[in-house]
$ cat start_4.txt   # compact mmCIF, C-alpha atoms
# COMPACT_ATOMS: atom_id res chain seq x y z
CA MET A 1 0.00 0.00 0.00
CA GLY A 2 2.56 2.49 -1.10
CA GLY A 3 1.76 6.12 -1.73
CA PHE A 4 -1.34 8.13 -1.01
CA GLU A 5 -3.61 6.15 -3.35
CA GLY A 6 -2.28 2.87 -1.96
CA HIS A 7 -3.67 3.82 1.46
CA LEU A 8 -6.78 5.67 0.30
CA TYR A 9 -8.37 2.98 -1.90
CA PRO A 10 -7.96 0.04 0.53
CA GLY A 11 -9.13 2.30 3.34
CA LEU A 12 -12.29 3.18 1.44
CA SER A 13 -12.90 -0.52 0.75
CA PHE A 14 -12.62 -1.44 4.44
CA PHE A 15 -14.65 1.58 5.54
CA LEU A 16 -17.54 0.96 3.15
CA TYR A 17 -17.52 -2.74 4.02
CA GLY A 18 -17.73 -1.83 7.71
CA LEU A 19 -20.71 0.46 7.05
CA HIS A 20 -22.39 -2.29 5.05
CA GLN A 21 -21.86 -4.76 7.88
CA ALA A 22 -23.21 -2.24 10.40
CA ARG A 23 -26.42 -1.93 8.37
CA LEU A 24 -26.78 -5.72 8.17
CA VAL A 25 -26.19 -6.08 11.90
CA SER A 26 -28.82 -3.46 12.70
CA ARG A 27 -31.32 -5.19 10.45
CA ALA A 28 -30.50 -8.56 11.99
CA LEU A 29 -30.99 -7.30 15.54
CA LEU A 30 -34.26 -5.55 14.70
CA TRP A 31 -35.80 -8.36 12.67
CA ASP A 32 -34.16 -11.31 14.48
CA SER A 33 -32.60 -12.65 11.27
CA PRO A 34 -29.04 -13.78 10.41
CA ALA A 35 -26.66 -11.00 9.44
CA GLN A 36 -24.55 -13.11 7.07
CA CYS A 37 -27.45 -14.42 4.98
CA PRO A 38 -30.39 -11.99 5.28
CA GLN A 39 -33.72 -13.49 4.35
CA ARG A 40 -35.33 -12.45 1.10
CA GLY A 41 -39.03 -12.16 0.68
CA ALA A 42 -41.32 -11.97 -2.28
CA GLN A 43 -40.62 -8.27 -2.71
CA ASP A 44 -36.94 -9.04 -3.30
CA ARG A 45 -37.60 -10.55 -6.70
CA GLY A 46 -37.46 -8.86 -10.05
CA ALA A 47 -35.04 -6.70 -11.99
CA ARG A 48 -34.07 -4.60 -8.99
CA ALA A 49 -33.25 -7.66 -6.90
CA ARG A 50 -31.18 -9.16 -9.73
CA LEU A 51 -29.24 -5.90 -10.00
CA GLN A 52 -28.59 -5.90 -6.25
CA ARG A 53 -27.36 -9.50 -6.37
CA ALA A 54 -25.09 -8.66 -9.32
CA CYS A 55 -23.61 -5.74 -7.33
CA SER A 56 -22.97 -7.94 -4.31
CA VAL A 57 -20.11 -7.65 -1.85
CA GLY A 58 -18.20 -10.40 -3.68
CA SER A 59 -18.34 -8.49 -6.97
CA LEU A 60 -17.14 -5.32 -5.24
CA LYS A 61 -14.27 -7.23 -3.63
CA ILE A 62 -13.11 -8.51 -7.02
CA LEU A 63 -13.45 -5.07 -8.60
CA SER A 64 -11.54 -3.41 -5.76
CA ALA A 65 -8.76 -6.00 -5.92
CA CYS A 66 -8.34 -5.54 -9.68
CA ILE A 67 -8.21 -1.75 -9.34
CA LEU A 68 -5.66 -1.93 -6.53
CA VAL A 69 -3.43 -4.37 -8.42
CA ALA A 70 -3.57 -2.17 -11.52
CA GLN A 71 -2.67 0.89 -9.44
CA GLU A 72 0.25 -0.98 -7.83
CA VAL A 73 1.63 -2.21 -11.16
CA HIS A 74 1.25 1.26 -12.67
CA SER A 75 3.29 2.80 -9.84
CA VAL A 76 6.34 0.65 -10.67
CA PRO A 77 8.69 2.65 -12.93
CA ARG A 78 10.11 -0.41 -14.71
CA GLN A 79 8.97 -3.90 -15.60
CA PHE A 80 7.15 -5.54 -12.72
CA VAL A 81 9.15 -8.74 -12.20
CA LEU A 82 9.77 -10.95 -9.20
CA LEU A 83 13.40 -11.96 -9.81
CA THR A 84 16.23 -10.28 -11.63
CA LYS A 85 19.55 -11.74 -12.68
CA MET A 86 22.49 -9.40 -12.23
CA TYR A 87 26.14 -10.38 -12.05
CA HIS A 88 25.20 -14.06 -12.16
CA GLU A 89 23.06 -13.67 -9.02
CA ARG A 90 19.31 -13.80 -8.53
CA SER A 91 17.75 -11.15 -6.32
CA PHE A 92 14.14 -10.34 -5.49
CA MET A 93 12.74 -7.11 -6.90
CA TYR A 94 10.00 -4.82 -5.58
CA ARG A 95 9.44 -6.73 -2.35
CA LYS A 96 6.96 -4.20 -0.95
CA GLN A 97 4.98 -4.09 -4.17
CA TRP A 98 4.75 -7.87 -4.19
CA GLN A 99 3.57 -7.77 -0.59
CA HIS A 100 0.83 -5.37 -1.62
CA VAL A 101 -0.21 -7.57 -4.54
CA THR A 102 -0.38 -10.56 -2.19
CA LEU A 103 -2.68 -8.59 0.11
CA TYR A 104 -4.93 -7.67 -2.78
CA ALA A 105 -4.96 -11.29 -3.95
CA SER A 106 -6.58 -12.22 -0.63
CA PHE A 107 -9.38 -9.74 -1.45
CA LEU A 108 -9.74 -11.38 -4.84
CA LEU A 109 -9.88 -14.86 -3.34
CA SER A 110 -12.56 -13.85 -0.84
CA GLY A 111 -14.63 -12.23 -3.58
CA CYS A 112 -14.42 -15.29 -5.83
CA VAL A 113 -15.51 -17.54 -2.97
CA ASP A 114 -18.45 -15.22 -2.24
CA LEU A 115 -19.62 -15.30 -5.86
CA ALA A 116 -19.21 -19.07 -6.11
CA SER A 117 -21.15 -19.62 -2.90
CA GLN A 118 -23.98 -17.27 -3.82
CA HIS A 119 -24.40 -17.99 -7.55
CA LEU A 120 -22.77 -21.31 -8.45
CA LEU A 121 -23.49 -23.63 -5.54
CA PRO A 122 -27.02 -25.06 -5.23
CA ARG A 123 -27.22 -23.65 -1.70
CA ARG A 124 -25.35 -20.72 -0.23
CA CYS A 125 -22.55 -21.77 2.13
CA ALA A 126 -21.97 -18.94 4.62
CA GLY A 127 -19.28 -20.92 6.44
CA LEU A 128 -17.17 -21.12 3.29
CA GLU A 129 -17.44 -17.36 2.78
CA GLN A 130 -16.43 -16.69 6.38
CA ALA A 131 -13.50 -19.11 6.13
CA ALA A 132 -12.18 -17.38 3.00
CA GLN A 133 -12.53 -14.01 4.70
CA ALA A 134 -10.70 -15.21 7.81
CA LEU A 135 -7.93 -16.69 5.64
CA GLY A 136 -7.53 -13.41 3.79
CA MET A 137 -7.19 -11.45 7.04
CA SER A 138 -4.70 -13.98 8.44
CA ILE A 139 -2.52 -13.30 5.38
CA PHE A 140 -2.44 -9.63 6.33
CA LEU A 141 -0.68 -10.12 9.65
CA PRO A 142 2.70 -11.66 8.60
CA LEU A 143 2.87 -9.33 5.61
CA MET A 144 2.25 -6.28 7.78
CA LEU A 145 4.91 -7.38 10.26
CA SER A 146 7.40 -7.75 7.42
CA HIS A 147 6.23 -4.44 5.97
CA MET A 148 7.25 -2.56 9.14
CA GLN A 149 10.88 -3.73 9.17
CA ASP A 150 12.48 -0.66 7.64
CA THR A 151 10.07 1.96 9.02
CA GLU A 152 10.51 4.32 11.93
CA GLY A 153 8.88 7.19 13.73
CA VAL A 154 5.38 8.17 12.66
CA GLU A 155 5.17 5.54 9.94
CA LEU A 156 6.15 2.76 12.35
CA ARG A 157 3.68 3.90 15.03
CA SER A 158 0.79 4.22 12.55
CA HIS A 159 1.48 0.81 10.99
CA ALA A 160 1.73 -0.79 14.45
CA LEU A 161 -1.73 0.56 15.35
CA LEU A 162 -3.07 -0.67 12.01
CA THR A 163 -1.63 -4.13 12.69
CA GLN A 164 -3.30 -4.13 16.10
CA ALA A 165 -6.71 -3.44 14.55
CA MET A 166 -6.17 -6.10 11.89
CA PHE A 167 -5.09 -8.63 14.51
CA LEU A 168 -8.30 -8.07 16.48
CA LEU A 169 -10.34 -8.30 13.28
CA THR A 170 -8.65 -11.59 12.42
CA LEU A 171 -9.51 -12.97 15.86
CA VAL A 172 -13.14 -11.94 15.42
CA LEU A 173 -13.39 -13.51 11.96
CA THR A 174 -11.79 -16.73 13.24
CA ALA A 175 -14.15 -16.91 16.22
CA GLU A 176 -17.10 -16.33 13.89
CA LEU A 177 -16.35 -19.67 12.22
CA TRP A 178 -17.34 -21.47 15.44
CA ALA A 179 -20.05 -19.03 16.54
CA PRO A 180 -21.66 -17.66 13.34
CA ASP A 181 -24.90 -16.66 15.12
CA GLU A 182 -23.29 -14.55 17.85
CA PRO A 183 -24.45 -10.90 17.54
CA ARG A 184 -21.49 -9.60 19.55
CA LEU A 185 -19.11 -10.90 16.88
CA TRP A 186 -21.20 -9.23 14.16
CA VAL A 187 -20.92 -5.89 15.95
CA LEU A 188 -17.17 -6.28 16.52
CA LYS A 189 -16.58 -7.19 12.88
CA ALA A 190 -18.41 -4.10 11.64
CA PHE A 191 -16.67 -1.89 14.22
CA LEU A 192 -13.13 -3.12 13.51
CA SER A 193 -13.62 -2.99 9.73
CA THR A 194 -14.74 0.63 10.01
CA VAL A 195 -11.79 1.53 12.26
CA THR A 196 -9.31 -0.19 9.93
CA GLY A 197 -10.67 1.64 6.89
CA SER A 198 -10.80 5.08 8.47
CA TRP A 199 -7.28 4.66 9.92
CA LEU A 200 -5.88 3.64 6.53
CA ILE A 201 -7.34 6.81 5.02
CA GLN A 202 -5.86 8.84 7.89
CA MET A 203 -2.45 7.24 7.30
CA GLY A 204 -2.55 8.27 3.64
CA PHE A 205 -3.07 11.92 4.56
CA MET A 206 -0.69 11.77 7.52
CA LEU A 207 2.27 10.25 5.66
CA TYR A 208 1.91 11.66 2.16
CA ARG A 209 -0.51 14.62 2.09
CA PRO A 210 -0.67 16.34 5.50
CA ILE A 211 -3.74 18.54 5.77
CA SER A 212 -1.79 21.22 7.66
CA GLY A 213 0.88 21.33 4.95
CA TYR A 214 3.67 20.47 7.40
CA LYS A 215 5.37 17.08 7.39
CA TRP A 216 5.08 14.92 10.46
CA MET A 217 8.45 14.65 12.25
CA ASP A 218 9.70 11.21 13.26
CA ASP A 219 11.84 12.54 16.10
CA ASP A 220 9.11 14.71 17.63
CA GLN A 221 7.52 13.02 20.65
CA SER A 222 4.42 15.21 20.43
CA ASP A 223 3.76 14.00 16.87
CA LEU A 224 4.16 10.38 17.95
CA ALA A 225 1.80 10.90 20.89
CA PHE A 226 -0.77 12.55 18.65
CA VAL A 227 -0.72 9.52 16.32
CA THR A 228 -1.95 7.31 19.18
CA THR A 229 -4.50 9.93 20.24
CA SER A 230 -5.80 10.15 16.68
CA PHE A 231 -6.24 6.38 16.52
CA CYS A 232 -8.28 6.44 19.74
CA GLY A 233 -10.40 9.20 18.22
CA HIS A 234 -11.08 7.00 15.21
CA MET A 235 -12.32 4.24 17.51
CA VAL A 236 -14.71 6.61 19.30
CA LEU A 237 -16.03 8.05 16.03
CA ALA A 238 -16.54 4.55 14.61
CA ALA A 239 -18.60 3.60 17.69
CA ILE A 240 -20.71 6.76 17.39
CA LEU A 241 -21.22 6.07 13.68
CA MET A 242 -22.44 2.53 14.37
CA ILE A 243 -24.90 3.80 17.00
CA TRP A 244 -26.18 6.38 14.51
CA ILE A 245 -26.62 3.70 11.82
CA HIS A 246 -28.53 1.49 14.26
CA GLY A 247 -30.80 4.40 15.21
CA CYS A 248 -31.51 5.25 11.58
CA SER A 249 -32.20 1.59 10.85
CA TRP A 250 -34.65 1.41 13.74
CA VAL A 251 -36.52 4.46 12.46
CA TRP A 252 -36.56 3.09 8.91
CA TYR A 253 -37.67 -0.47 9.62
CA SER A 254 -40.11 0.47 12.42
CA HIS A 255 -41.83 3.48 10.88
CA VAL A 256 -40.97 4.34 7.27
CA SER A 257 -40.70 0.86 5.78
CA ALA A 258 -43.55 -0.52 7.92
CA SER A 259 -45.94 2.28 6.92
CA ALA A 260 -45.07 1.77 3.25
CA ARG A 261 -45.88 -1.94 3.49
CA ARG A 262 -49.09 -1.39 5.46
CA PRO A 263 -52.07 -2.59 3.36
CA ARG A 264 -54.63 0.02 2.48
CA ALA A 265 -58.26 -0.50 3.42
CA PRO A 266 -60.72 -0.85 0.52
CA ALA A 267 -62.79 2.21 -0.33
CA ALA A 268 -66.10 2.36 1.52
CA PRO A 269 -69.40 2.69 -0.38
CA ALA A 270 -70.96 6.11 -0.80
CA SER A 271 -73.67 5.30 1.76
CA GLN A 272 -70.99 4.57 4.38
CA ALA A 273 -68.62 7.39 3.47
CA CYS A 274 -69.13 9.15 6.79
CA ALA A 275 -68.92 5.97 8.91
CA PHE A 276 -65.92 5.55 11.15
CA THR A 277 -64.36 2.29 12.16
CA SER A 278 -62.80 1.57 15.51
CA THR A 279 -60.44 -1.11 14.19
CA PRO A 280 -56.85 0.16 14.50
CA PRO A 281 -54.51 -0.20 11.50
CA PRO A 282 -52.26 -3.29 11.48
CA ARG A 283 -49.00 -2.79 13.33
CA PRO A 284 -45.69 -3.72 11.71
CA LYS A 285 -44.41 -7.13 12.53
CA CYS A 286 -41.16 -5.90 14.04
CA TRP A 287 -43.08 -4.09 16.81
CA ASN A 288 -44.53 -7.36 18.11
CA LYS A 289 -41.16 -9.10 18.22
CA GLN A 290 -39.21 -9.25 21.41
CA LEU A 291 -35.73 -7.78 21.54
CA HIS A 292 -32.80 -10.00 20.66
CA PRO A 293 -31.27 -11.73 23.71
CA ALA A 294 -27.91 -10.08 22.91
CA LEU A 295 -29.40 -6.63 23.48
CA SER A 296 -30.60 -7.49 27.01
CA ALA A 297 -27.28 -9.10 28.01

$ encode --input "start_4.txt" --output "structure tokens"
Amino acid sequence: MGGFEGHLYPGLSFFLYGLHQARLVSRALLWDSPAQCPQRGAQDRGARARLQRACSVGSLKILSACILVAQEVHSVPRQFVLLTKMYHERSFMYRKQWQHVTLYASFLLSGCVDLASQHLLPRRCAGLEQAAQALGMSIFLPLMLSHMQDTEGVELRSHALLTQAMFLLTLVLTAELWAPDEPRLWVLKAFLSTVTGSWLIQMGFMLYRPISGYKWMDDDQSDLAFVTTSFCGHMVLAAILMIWIHGCSWVWYSHVSASARRPRAPAAPASQACAFTSTPPPRPKCWNKQLHPALSA
């Protein structure tokens, strides 16, 4: 993830994925349905539903991986090769760029597994999708540790905090393989994905395009302390954003969407036009459901 674009585009991918997961988690908690495989009703059929399935998360993962690989190859000034032979010796070339391509290949693998599970298999296999996602995140950790070898100062501190968030996200994705119906893991996955994405975007501006116009100094202790403070601020903002998404989802599914689906009463005859009925309108189904046990824990 070299350069400003190399941090911005992956950060946007993680951030948007975290927001998408937050919306699914809110819907799952409100309607008592699985977050990984939301149920589809009769209204989810037709051209609009086919378009939504075509623009699924798996397709976006593949598209993002291809764009990131193309950007990485384009940033190399010479031919993008793995080995070069100079003075009768073989040496590896562009080690960081190859690390980035390996990271993006994990995105591509996860997207291909998502598409195969959702469109090719006779029945969707959520466990296979989660396993591919956990494998992709486990690839991140050793590559990030190797990526930090020749860094120092602000870059080292920011990458260490990023590795911490990715490590926690990997633990959550691994635990989700054994407890796929645990709402706490759904919330943690959405939260950590949002934090990882927003911090990657912050790193791009901090290391390559400072908003203040002044470069961050590696030997300044105040700059290093502010890096940690900024990361904590990202965690707080991500939590506030998830609460806001859950509140908006509650308003939408409890009032707006329910009132739109409410059946209209047939028109009364002219002789009974002034008659009033005491029967209340039907209440949305989600109001009669009890809260999810995870919310009362």

$ residues_around --input "start_4.txt" --residues "Phe15 (chain A)" --least-positions-apart "6" --cutoff "7 Å" --atoms "all atoms listed in the file" --output "tab-separated table (two decimals) with C-alpha atoms, in the frame of the given file"
chain	number	residue	atom	x	y	z
A	193	SER	CA	-13.62	-2.99	9.73
A	194	THR	CA	-14.74	0.63	10.01
A	197	GLY	CA	-10.67	1.64	6.89
A	198	SER	CA	-10.80	5.08	8.47

$ closest_residue --input "start_4.txt" --among "A:Ser64, A:Ser59, A:Ser117, A:Ser222" --to "Tyr9 (chain A)" --atoms "only C-alpha atoms"
A:Ser64

$ residues_around --input "start_4.txt" --residues "Ser249 (chain A)" --least-positions-apart "4" --cutoff "8 Å" --atoms "all atoms listed in the file" --output "MDAnalysis selection string"
chainID A and resid 23 26:27 245 253

$ atom_distance --input "start_4.txt" --atom1 "CA of Gln164 (chain A)" --atom2 "CA of Met148 (chain A)"
12.7 Å

$ closest_residue --input "start_4.txt" --among "A:Thr228, A:Leu16, A:Ser158, A:Leu108" --to "Leu63 (chain A)" --atoms "all atoms listed in the file"
A:Leu108

$ build_atoms --input "start_4.txt" --residues "region 216-243 of chain A" --atoms "N, CA and C atoms" --output "CSV table (one decimal), keeping the file's coordinate frame"
chain,number,residue,atom,x,y,z
A,216,TRP,N,5.0,15.5,9.1
A,216,TRP,CA,5.1,14.9,10.5
A,216,TRP,C,6.5,14.5,10.7
A,217,MET,N,7.1,14.9,11.9
A,217,MET,CA,8.4,14.6,12.2
A,217,MET,C,8.6,13.4,13.0
A,218,ASP,N,9.5,12.5,12.6
A,218,ASP,CA,9.7,11.2,13.3
A,218,ASP,C,10.4,11.3,14.6
A,219,ASP,N,11.1,12.4,14.8
A,219,ASP,CA,11.8,12.5,16.1
A,219,ASP,C,11.1,13.5,17.1
A,220,ASP,N,9.9,13.8,16.7
A,220,ASP,CA,9.1,14.7,17.6
A,220,ASP,C,8.2,13.8,18.5
A,221,GLN,N,8.3,13.9,19.8
A,221,GLN,CA,7.5,13.0,20.6
A,221,GLN,C,6.1,13.5,20.7
A,222,SER,N,5.8,14.7,20.5
A,222,SER,CA,4.4,15.2,20.4
A,222,SER,C,3.7,14.7,19.2
A,223,ASP,N,4.4,14.6,18.1
A,223,ASP,CA,3.8,14.0,16.9
A,223,ASP,C,3.5,12.5,17.1
A,224,LEU,N,4.4,11.8,17.7
A,224,LEU,CA,4.2,10.4,18.0
A,224,LEU,C,3.0,10.2,18.9
A,225,ALA,N,2.9,11.0,19.9
A,225,ALA,CA,1.8,10.9,20.9
A,225,ALA,C,0.5,11.2,20.2
A,226,PHE,N,0.5,12.2,19.3
A,226,PHE,CA,-0.8,12.6,18.6
A,226,PHE,C,-1.2,11.5,17.7
A,227,VAL,N,-0.3,10.6,17.2
A,227,VAL,CA,-0.7,9.5,16.3
A,227,VAL,C,-1.6,8.5,17.1
A,228,THR,N,-1.2,8.2,18.3
A,228,THR,CA,-2.0,7.3,19.2
A,228,THR,C,-3.3,7.9,19.6
A,229,THR,N,-3.3,9.2,19.9
A,229,THR,CA,-4.5,9.9,20.2
A,229,THR,C,-5.5,10.0,19.1
A,230,SER,N,-4.9,10.2,17.9
A,230,SER,CA,-5.8,10.2,16.7
A,230,SER,C,-6.4,8.8,16.4
A,231,PHE,N,-5.7,7.7,16.7
A,231,PHE,CA,-6.2,6.4,16.5
A,231,PHE,C,-7.4,6.1,17.5
A,232,CYS,N,-7.2,6.6,18.8
A,232,CYS,CA,-8.3,6.4,19.7
A,232,CYS,C,-9.5,7.2,19.3
A,233,GLY,N,-9.3,8.4,18.7
A,233,GLY,CA,-10.4,9.2,18.2
A,233,GLY,C,-11.2,8.5,17.1
A,234,HIS,N,-10.4,7.8,16.3
A,234,HIS,CA,-11.1,7.0,15.2
A,234,HIS,C,-12.0,5.9,15.8
A,235,MET,N,-11.5,5.3,16.9
A,235,MET,CA,-12.3,4.2,17.5
A,235,MET,C,-13.6,4.8,18.1
A,236,VAL,N,-13.5,6.0,18.7
A,236,VAL,CA,-14.7,6.6,19.3
A,236,VAL,C,-15.7,7.0,18.2
A,237,LEU,N,-15.2,7.6,17.1
A,237,LEU,CA,-16.0,8.0,16.0
A,237,LEU,C,-16.7,6.9,15.3
A,238,ALA,N,-16.0,5.7,15.2
A,238,ALA,CA,-16.5,4.6,14.6
A,238,ALA,C,-17.7,4.0,15.5
A,239,ALA,N,-17.5,4.0,16.8
A,239,ALA,CA,-18.6,3.6,17.7
A,239,ALA,C,-19.8,4.5,17.6
A,240,ILE,N,-19.6,5.8,17.5
A,240,ILE,CA,-20.7,6.8,17.4
A,240,ILE,C,-21.4,6.5,16.0
A,241,LEU,N,-20.6,6.3,15.0
A,241,LEU,CA,-21.2,6.1,13.7
A,241,LEU,C,-22.1,4.8,13.7
A,242,MET,N,-21.6,3.8,14.3
A,242,MET,CA,-22.4,2.5,14.4
A,242,MET,C,-23.7,2.7,15.2
A,243,ILE,N,-23.7,3.5,16.3
A,243,ILE,CA,-24.9,3.8,17.0
A,243,ILE,C,-25.9,4.6,16.2
